[in-house]
file input.pdb (PDB, C-alpha atoms, pLDDT in the B column)
ATOM      1  CA  THR A  20      32.305-113.399  49.256  1.00 77.00           C
ATOM      2  CA  ALA A  21      32.263-117.086  48.319  1.00 76.00           C
ATOM      3  CA  ASP A  22      35.923-116.874  47.253  1.00 76.00           C
ATOM      4  CA  ILE A  23      36.888-115.216  50.536  1.00 81.00           C
ATOM      5  CA  ALA A  24      34.960-117.804  52.559  1.00 82.00           C
ATOM      6  CA  HIS A  25      36.728-120.587  50.659  1.00 77.00           C
ATOM      7  CA  GLU A  26      40.158-119.104  51.318  1.00 79.00           C
ATOM      8  CA  LEU A  27      39.442-118.576  55.012  1.00 85.00           C
ATOM      9  CA  ARG A  28      38.024-122.067  55.475  1.00 85.00           C
ATOM     10  CA  ASN A  29      41.293-123.904  54.753  1.00 82.00           C
ATOM     11  CA  PRO A  30      43.483-122.360  57.490  1.00 86.00           C
ATOM     12  CA  LEU A  31      40.536-122.362  59.912  1.00 90.00           C
ATOM     13  CA  SER A  32      40.083-126.095  59.303  1.00 90.00           C
ATOM     14  CA  VAL A  33      43.748-126.691  60.092  1.00 90.00           C
ATOM     15  CA  VAL A  34      43.467-124.700  63.316  1.00 92.00           C
ATOM     16  CA  GLN A  35      40.296-126.509  64.385  1.00 92.00           C
ATOM     17  CA  ALA A  36      41.585-130.001  63.581  1.00 93.00           C
ATOM     18  CA  ASN A  37      44.857-129.473  65.417  1.00 92.00           C
ATOM     19  CA  LEU A  38      43.193-127.882  68.437  1.00 93.00           C
ATOM     20  CA  ASP A  39      40.756-130.804  68.638  1.00 93.00           C
ATOM     21  CA  ALA A  40      43.636-133.283  68.472  1.00 92.00           C
ATOM     22  CA  LEU A  41      45.482-131.446  71.264  1.00 92.00           C
ATOM     23  CA  ALA A  42      42.345-131.193  73.419  1.00 92.00           C
ATOM     24  CA  ASP A  43      41.556-134.908  72.984  1.00 92.00           C
ATOM     25  CA  GLY A  44      45.098-135.939  73.812  1.00 91.00           C
ATOM     26  CA  VAL A  45      45.762-137.342  70.341  1.00 91.00           C
ATOM     27  CA  TYR A  46      48.768-135.024  70.062  1.00 90.00           C
ATOM     28  CA  PRO A  47      50.929-133.941  72.996  1.00 92.00           C
ATOM     29  CA  LEU A  48      51.126-130.198  73.625  1.00 91.00           C
ATOM     30  CA  THR A  49      54.536-129.539  72.103  1.00 92.00           C
ATOM     31  CA  ARG A  50      56.095-126.699  70.115  1.00 91.00           C
ATOM     32  CA  GLU A  51      56.163-128.948  67.047  1.00 91.00           C
ATOM     33  CA  ASN A  52      52.433-129.698  67.251  1.00 90.00           C
ATOM     34  CA  LEU A  53      51.603-126.029  67.779  1.00 93.00           C
ATOM     35  CA  ALA A  54      53.514-125.014  64.630  1.00 91.00           C
ATOM     36  CA  PRO A  55      50.683-125.799  62.129  1.00 91.00           C
ATOM     37  CA  ILE A  56      48.285-123.706  64.226  1.00 92.00           C
ATOM     38  CA  ARG A  57      50.672-120.749  64.251  1.00 92.00           C
ATOM     39  CA  GLU A  58      51.299-121.033  60.503  1.00 89.00           C
ATOM     40  CA  SER A  59      47.564-121.068  59.779  1.00 89.00           C
ATOM     41  CA  ALA A  60      47.012-118.105  62.097  1.00 91.00           C
ATOM     42  CA  ASP A  61      49.746-116.194  60.257  1.00 88.00           C
ATOM     43  CA  LEU A  62      48.068-116.998  56.930  1.00 86.00           C
ATOM     44  CA  LEU A  63      44.721-115.776  58.254  1.00 89.00           C
ATOM     45  CA  ASP A  64      46.381-112.559  59.408  1.00 89.00           C
ATOM     46  CA  ARG A  65      47.899-111.986  55.949  1.00 84.00           C
ATOM     47  CA  LEU A  66      44.559-112.699  54.268  1.00 86.00           C
ATOM     48  CA  VAL A  67      42.763-110.159  56.431  1.00 89.00           C
ATOM     49  CA  GLU A  68      45.424-107.486  55.839  1.00 88.00           C
ATOM     50  CA  ASP A  69      45.494-108.173  52.085  1.00 86.00           C
ATOM     51  CA  LEU A  70      41.712-107.951  51.863  1.00 89.00           C
ATOM     52  CA  ARG A  71      41.799-104.681  53.799  1.00 89.00           C
ATOM     53  CA  THR A  72      44.384-103.239  51.389  1.00 90.00           C
ATOM     54  CA  LEU A  73      42.274-104.209  48.370  1.00 89.00           C
ATOM     55  CA  GLU A  74      39.110-102.762  49.914  1.00 89.00           C
ATOM     56  CA  LEU A  75      40.836 -99.442  50.624  1.00 89.00           C
ATOM     57  CA  ALA A  76      42.200 -99.352  47.065  1.00 88.00           C
ATOM     58  CA  ASP A  77      38.773-100.121  45.581  1.00 85.00           C
ATOM     59  CA  ALA A  78      37.240 -97.316  47.649  1.00 86.00           C
ATOM     60  CA  GLY A  79      39.954 -94.858  46.654  1.00 85.00           C
ATOM     61  CA  GLN A  80      40.954 -94.499  50.302  1.00 88.00           C
ATOM     62  CA  LEU A  81      44.428 -96.013  50.171  1.00 88.00           C
ATOM     63  CA  ALA A  82      46.686 -93.355  51.654  1.00 87.00           C
ATOM     64  CA  LEU A  83      50.110 -92.966  50.032  1.00 91.00           C
ATOM     65  CA  GLU A  84      52.977 -91.300  51.861  1.00 92.00           C
ATOM     66  CA  LYS A  85      54.970 -89.997  48.926  1.00 92.00           C
ATOM     67  CA  SER A  86      58.539 -88.808  48.915  1.00 94.00           C
ATOM     68  CA  GLU A  87      61.470 -88.875  46.501  1.00 94.00           C
ATOM     69  CA  VAL A  88      62.458 -92.500  45.972  1.00 93.00           C
ATOM     70  CA  ASP A  89      65.647 -93.860  44.410  1.00 92.00           C
ATOM     71  CA  LEU A  90      64.359 -96.954  42.600  1.00 92.00           C
ATOM     72  CA  SER A  91      67.837 -98.380  42.157  1.00 91.00           C
ATOM     73  CA  LYS A  92      68.465 -98.400  45.905  1.00 92.00           C
ATOM     74  CA  LEU A  93      64.981 -99.768  46.526  1.00 93.00           C
ATOM     75  CA  LEU A  94      65.555-102.584  44.054  1.00 93.00           C
ATOM     76  CA  HIS A  95      68.859-103.554  45.686  1.00 93.00           C
ATOM     77  CA  SER A  96      67.254-103.504  49.137  1.00 93.00           C
ATOM     78  CA  VAL A  97      64.356-105.784  48.178  1.00 94.00           C
ATOM     79  CA  ALA A  98      66.668-108.153  46.273  1.00 94.00           C
ATOM     80  CA  ALA A  99      68.910-108.469  49.339  1.00 94.00           C
ATOM     81  CA  ARG A 100      65.898-109.261  51.511  1.00 92.00           C
ATOM     82  CA  PHE A 101      64.845-112.150  49.251  1.00 94.00           C
ATOM     83  CA  ALA A 102      68.356-113.448  48.534  1.00 94.00           C
ATOM     84  CA  PRO A 103      68.483-115.951  51.454  1.00 93.00           C
ATOM     85  CA  ARG A 104      65.199-117.531  50.363  1.00 92.00           C
ATOM     86  CA  ALA A 105      66.430-117.782  46.775  1.00 95.00           C
ATOM     87  CA  GLU A 106      69.683-119.398  47.874  1.00 95.00           C
ATOM     88  CA  SER A 107      67.820-121.927  50.024  1.00 94.00           C
ATOM     89  CA  GLN A 108      65.868-122.953  46.895  1.00 93.00           C
ATOM     90  CA  SER A 109      68.988-123.073  44.659  1.00 95.00           C
ATOM     91  CA  GLN A 110      67.816-119.965  42.788  1.00 95.00           C
ATOM     92  CA  ARG A 111      69.594-116.737  41.910  1.00 94.00           C
ATOM     93  CA  ILE A 112      68.434-113.135  41.926  1.00 95.00           C
ATOM     94  CA  GLU A 113      70.311-110.987  39.413  1.00 94.00           C
ATOM     95  CA  LEU A 114      70.159-107.237  38.893  1.00 92.00           C
ATOM     96  CA  ALA A 115      70.618-105.959  35.370  1.00 87.00           C
ATOM     97  CA  PRO A 116      72.997-103.022  34.783  1.00 77.00           C
ATOM     98  CA  GLU A 117      71.120 -99.859  35.696  1.00 73.00           C
ATOM     99  CA  PRO A 118      71.279 -96.519  33.883  1.00 76.00           C
ATOM    100  CA  ALA A 119      71.224 -93.256  35.802  1.00 80.00           C
ATOM    101  CA  LEU A 120      67.551 -92.617  36.503  1.00 86.00           C
ATOM    102  CA  PRO A 121      65.693 -89.693  38.075  1.00 86.00           C
ATOM    103  CA  MET A 122      64.000 -89.995  41.438  1.00 88.00           C
ATOM    104  CA  VAL A 123      60.266 -90.685  41.482  1.00 90.00           C
ATOM    105  CA  GLN A 124      57.581 -89.359  43.795  1.00 92.00           C
ATOM    106  CA  ALA A 125      56.165 -92.470  45.420  1.00 94.00           C
ATOM    107  CA  ASP A 126      55.383 -94.299  48.644  1.00 94.00           C
ATOM    108  CA  SER A 127      58.538 -96.341  49.220  1.00 94.00           C
ATOM    109  CA  GLN A 128      56.839 -98.880  51.508  1.00 92.00           C
ATOM    110  CA  ARG A 129      54.088 -99.531  48.979  1.00 94.00           C
ATOM    111  CA  LEU A 130      56.659 -99.911  46.198  1.00 95.00           C
ATOM    112  CA  GLU A 131      58.503-102.431  48.369  1.00 94.00           C
ATOM    113  CA  GLN A 132      55.205-104.257  48.769  1.00 93.00           C
ATOM    114  CA  ILE A 133      54.736-104.398  44.987  1.00 95.00           C
ATOM    115  CA  LEU A 134      58.275-105.670  44.430  1.00 95.00           C
ATOM    116  CA  GLY A 135      57.977-108.113  47.305  1.00 92.00           C
ATOM    117  CA  ASN A 136      54.798-109.598  45.841  1.00 93.00           C
ATOM    118  CA  LEU A 137      56.385-109.877  42.382  1.00 95.00           C
ATOM    119  CA  LEU A 138      59.543-111.500  43.741  1.00 95.00           C
ATOM    120  CA  ASP A 139      57.521-113.878  45.891  1.00 92.00           C
ATOM    121  CA  ASN A 140      55.556-114.912  42.810  1.00 91.00           C
ATOM    122  CA  ALA A 141      58.739-115.350  40.742  1.00 94.00           C
ATOM    123  CA  LEU A 142      60.396-117.509  43.421  1.00 93.00           C
ATOM    124  CA  ARG A 143      57.315-119.720  43.630  1.00 91.00           C
ATOM    125  CA  HIS A 144      57.308-120.409  39.901  1.00 91.00           C
ATOM    126  CA  THR A 145      61.033-120.680  39.181  1.00 93.00           C
ATOM    127  CA  PRO A 146      62.540-124.167  39.466  1.00 93.00           C
ATOM    128  CA  GLY A 147      65.716-124.918  41.372  1.00 92.00           C
ATOM    129  CA  GLY A 148      68.743-123.685  39.474  1.00 92.00           C
ATOM    130  CA  GLY A 149      66.662-120.931  37.887  1.00 93.00           C
ATOM    131  CA  THR A 150      67.222-117.185  37.856  1.00 95.00           C
ATOM    132  CA  ILE A 151      65.077-114.158  38.675  1.00 96.00           C
ATOM    133  CA  ARG A 152      66.309-111.009  36.962  1.00 95.00           C
ATOM    134  CA  LEU A 153      65.432-107.457  38.009  1.00 95.00           C
ATOM    135  CA  GLY A 154      65.867-104.475  35.718  1.00 93.00           C
ATOM    136  CA  LEU A 155      65.210-100.745  35.401  1.00 93.00           C
ATOM    137  CA  LYS A 156      64.912 -98.492  32.375  1.00 90.00           C
ATOM    138  CA  SER A 157      63.083 -95.322  31.395  1.00 87.00           C
ATOM    139  CA  ASP A 158      61.347 -93.757  28.443  1.00 81.00           C
ATOM    140  CA  THR A 159      60.156 -90.184  27.964  1.00 79.00           C
ATOM    141  CA  GLN A 160      57.219 -90.484  30.355  1.00 86.00           C
ATOM    142  CA  SER A 161      57.864 -93.316  32.777  1.00 90.00           C
ATOM    143  CA  ILE A 162      60.299 -95.606  34.530  1.00 93.00           C
ATOM    144  CA  LEU A 163      59.890 -99.297  33.866  1.00 93.00           C
ATOM    145  CA  LEU A 164      60.845-101.898  36.447  1.00 95.00           C
ATOM    146  CA  THR A 165      60.906-105.504  35.285  1.00 95.00           C
ATOM    147  CA  VAL A 166      60.883-108.794  37.177  1.00 96.00           C
ATOM    148  CA  GLU A 167      61.716-111.786  34.978  1.00 96.00           C
ATOM    149  CA  ASP A 168      61.755-115.445  35.934  1.00 95.00           C
ATOM    150  CA  SER A 169      62.877-118.655  34.255  1.00 92.00           C
ATOM    151  CA  GLY A 170      59.773-120.627  35.088  1.00 90.00           C
ATOM    152  CA  PRO A 171      57.197-122.194  32.736  1.00 91.00           C
ATOM    153  CA  GLY A 172      55.609-118.888  31.717  1.00 92.00           C
ATOM    154  CA  ILE A 173      51.921-117.967  31.727  1.00 92.00           C
ATOM    155  CA  PRO A 174      49.252-119.344  29.357  1.00 91.00           C
ATOM    156  CA  LYS A 175      48.323-116.589  26.902  1.00 89.00           C
ATOM    157  CA  ASP A 176      44.654-116.675  27.848  1.00 87.00           C
ATOM    158  CA  GLN A 177      45.546-116.016  31.487  1.00 88.00           C
ATOM    159  CA  LEU A 178      48.010-113.131  31.138  1.00 86.00           C
ATOM    160  CA  ASP A 179      45.479-110.664  32.509  1.00 83.00           C
ATOM    161  CA  LEU A 180      43.469-113.106  34.617  1.00 89.00           C
ATOM    162  CA  ILE A 181      46.453-113.644  36.927  1.00 91.00           C
ATOM    163  CA  PHE A 182      45.772-110.207  38.428  1.00 91.00           C
ATOM    164  CA  GLU A 183      42.314-111.267  39.565  1.00 89.00           C
ATOM    165  CA  ARG A 184      41.831-112.073  43.233  1.00 84.00           C
ATOM    166  CA  PHE A 185      42.461-115.692  44.213  1.00 81.00           C
ATOM    167  CA  HIS A 186      43.246-116.666  40.609  1.00 77.00           C
ATOM    168  CA  ARG A 187      45.904-119.356  40.201  1.00 69.00           C
ATOM    169  CA  VAL A 188      47.287-120.507  36.867  1.00 66.00           C
ATOM    170  CA  ASP A 189      47.840-123.994  38.288  1.00 61.00           C
ATOM    171  CA  THR A 190      44.498-124.981  39.805  1.00 47.00           C
ATOM    172  CA  ALA A 191      46.107-128.042  41.371  1.00 41.00           C
ATOM    173  CA  ARG A 192      48.577-125.855  43.248  1.00 44.00           C
ATOM    174  CA  SER A 193      48.309-126.181  47.018  1.00 43.00           C
ATOM    175  CA  ARG A 194      46.744-123.233  48.784  1.00 48.00           C
ATOM    176  CA  SER A 195      48.645-124.069  51.945  1.00 44.00           C
ATOM    177  CA  ASP A 196      52.031-123.023  50.549  1.00 54.00           C
ATOM    178  CA  GLY A 197      51.984-119.700  52.341  1.00 52.00           C
ATOM    179  CA  GLY A 198      50.408-117.535  49.622  1.00 63.00           C
ATOM    180  CA  THR A 199      47.079-115.755  49.939  1.00 70.00           C
ATOM    181  CA  GLY A 200      46.244-115.643  46.227  1.00 80.00           C
ATOM    182  CA  LEU A 201      46.018-111.844  46.451  1.00 87.00           C
ATOM    183  CA  GLY A 202      49.619-110.754  45.875  1.00 87.00           C
ATOM    184  CA  LEU A 203      49.357-109.892  42.183  1.00 92.00           C
ATOM    185  CA  ALA A 204      45.956-108.237  42.606  1.00 92.00           C
ATOM    186  CA  ILE A 205      47.397-106.020  45.331  1.00 92.00           C
ATOM    187  CA  ALA A 206      50.514-105.258  43.292  1.00 94.00           C
ATOM    188  CA  ARG A 207      48.403-103.997  40.369  1.00 95.00           C
ATOM    189  CA  LYS A 208      46.133-101.925  42.633  1.00 93.00           C
ATOM    190  CA  LEU A 209      49.158-100.303  44.285  1.00 94.00           C
ATOM    191  CA  ALA A 210      50.707 -99.566  40.882  1.00 95.00           C
ATOM    192  CA  GLU A 211      47.472 -97.908  39.750  1.00 94.00           C
ATOM    193  CA  ALA A 212      47.294 -95.921  43.000  1.00 93.00           C
ATOM    194  CA  HIS A 213      50.656 -94.419  41.981  1.00 94.00           C
ATOM    195  CA  GLY A 214      49.269 -93.450  38.571  1.00 93.00           C
ATOM    196  CA  GLY A 215      51.168 -96.332  36.984  1.00 94.00           C
ATOM    197  CA  SER A 216      50.399 -99.804  35.700  1.00 96.00           C
ATOM    198  CA  LEU A 217      51.444-103.436  36.044  1.00 96.00           C
ATOM    199  CA  ARG A 218      51.246-105.995  33.276  1.00 95.00           C
ATOM    200  CA  ALA A 219      52.616-109.423  32.461  1.00 95.00           C
ATOM    201  CA  GLU A 220      53.999-111.049  29.339  1.00 95.00           C
ATOM    202  CA  ASN A 221      55.974-114.120  28.371  1.00 95.00           C
ATOM    203  CA  ARG A 222      59.644-113.879  27.461  1.00 93.00           C
ATOM    204  CA  PRO A 223      60.601-115.260  24.011  1.00 92.00           C
ATOM    205  CA  GLU A 224      63.304-117.385  25.641  1.00 89.00           C
ATOM    206  CA  GLY A 225      60.880-118.744  28.244  1.00 90.00           C
ATOM    207  CA  GLY A 226      59.577-117.586  31.589  1.00 93.00           C
ATOM    208  CA  ALA A 227      57.377-114.675  32.600  1.00 95.00           C
ATOM    209  CA  ARG A 228      58.103-110.964  32.727  1.00 96.00           C
ATOM    210  CA  PHE A 229      56.216-108.485  34.924  1.00 97.00           C
ATOM    211  CA  ILE A 230      56.512-104.810  33.988  1.00 96.00           C
ATOM    212  CA  LEU A 231      55.807-102.101  36.540  1.00 96.00           C
ATOM    213  CA  SER A 232      55.443 -98.650  34.974  1.00 95.00           C
ATOM    214  CA  LEU A 233      55.680 -95.536  37.133  1.00 94.00           C
ATOM    215  CA  PRO A 234      55.179 -92.023  35.787  1.00 92.00           C
ATOM    216  CA  LEU A 235      58.168 -89.681  35.940  1.00 84.00           C
ATOM    217  CA  THR A 236      55.909 -86.871  37.116  1.00 68.00           C
ATOM    218  CA  ASN A 237      53.459 -87.951  39.780  1.00 46.00           C
ATOM    219  CA  SER A 238      51.560 -85.454  41.852  1.00 44.00           C
TER     220      SER A 238
END
call {"tool": "encode", "arguments": {"input": "input.pdb", "output": "structure tokens"}}
result
Amino acid sequence: TADIAHELRNPLSVVQANLDALADGVYPLTRENLAPIRESADLLDRLVEDLRTLELADAGQLALEKSEVDLSKLLHSVAARFAPRAESQSQRIELAPEPALPMVQADSQRLEQILGNLLDNALRHTPGGGTIRLGLKSDTQSILLTVEDSGPGIPKDQLDLIFERFHRVDTARSRSDGGTGLGLAIARKLAEAHGGSLRAENRPEGGARFILSLPLTNS
């Protein structure tokens, strides 16, 4: 509860300070001066929805609408959605060559949410000129989807802690950069809701790798 209160306080403070300045005539009522209020309201909305998703997952009440999903098509779709943001930050999103893989029974919207959270995290931690690489492969029991970045990597003692709510590897990192601090926690919960798993490791050549495992048979 203390963590949640802390996260909610920052955007609320921005809203209050800007509204006071507008009411007192310090700032004129313009679209530009309303922008910080709207951004903070959007962040509050995302926080509330993220917290609701985690609460439903914790209670085992997160409904999944499963159907046959082509992970290759899903991967291409999510990559295309994030491509403009990557280009604006001088980053690249690459897709590794994909083998022919079977369809999986899953909730496509929730899988998009997992991938979106992983890509958002990778783009935040990859410097300009860096590359985010997406890949798919399978073994006898599962399909593995990987998201790799060329950022600084993750300290070994925090490889599992990064999936905790509101945990940030860089404690000096601004909390007003648009993230809620819940993306990776939600991604893991959604993976587990599908009977799968999500883990992180560091690449030998540098950067982090997130591995989403989904079972080939999922009732």
call {"tool": "residues_around", "arguments": {"input": "input.pdb", "residues": "Ala99 of chain A", "least_positions_apart": "4", "cutoff": "12 Å", "atoms": "only C-alpha atoms", "output": "list in words"}}
result
Lys92, Leu93, Leu94, His95, Pro103, Arg104, Ala105, Glu106, Arg111, Ile112, Glu113, Leu114, Gly135, Leu138 and Leu153 of chain A
call {"tool": "closest_residue", "arguments": {"input": "input.pdb", "among": "A:Glu51, A:Glu211, A:Glu58, A:Asp179", "to": "Leu83 of chain A", "atoms": "only C-alpha atoms"}}
result
A:Glu211
call {"tool": "axis_aligned_box", "arguments": {"input": "input.pdb", "around": "segment 162-171 of chain A", "padding_each_side": "3 Å", "output": "lines of an AutoDock Vina configuration file"}}
result
center_x = 60.0
center_y = -108.9
center_z = 35.0
size_x = 11.7
size_y = 32.6
size_z = 10.4
call {"tool": "resolve_selection", "arguments": {"input": "input.pdb", "expression": "the PyMOL selection byres ((chain A and resi 151) around 12)", "output": "PyMOL selection string"}}
result
chain A and resi 98+101-102+105-106+109-115+137-150+152-154+165-170+226-229
call {"tool": "atom_distance", "arguments": {"input": "input.pdb", "atom1": "atom CA of Ser216 of chain A", "atom2": "atom CA of Arg65 of chain A"}}
result
23.8 Å
call {"tool": "resolve_selection", "arguments": {"input": "input.pdb", "expression": "the PyMOL selection byres ((chain A and resi 121) around 10)", "output": "ChimeraX atom specification"}}
result
/A:87-91,118-120,122-124,157,162,235
call {"tool": "resolve_selection", "arguments": {"input": "input.pdb", "expression": "the PyMOL selection byres ((chain A and resi 126-128) around 6)", "output": "list of chain:residue names"}}
result
A:Leu83, A:Glu84, A:Lys85, A:Ala125, A:Arg129, A:Leu130, A:Glu131
call {"tool": "closest_residue", "arguments": {"input": "input.pdb", "among": "A:Ala54, A:Leu27, A:Ile181, A:Leu41", "to": "Arg218 of chain A", "atoms": "only C-alpha atoms"}}
result
A:Ile181
call {"tool": "atom_distance", "arguments": {"input": "input.pdb", "atom1": "atom CA of Arg184 of chain A", "atom2": "atom CA of Leu201 of chain A"}}
result
5.3 Å
call {"tool": "closest_residue", "arguments": {"input": "input.pdb", "among": "A:Ala78, A:Ala212, A:Leu134, A:Val33", "to": "Leu62 of chain A", "atoms": "only C-alpha atoms"}}
result
A:Val33
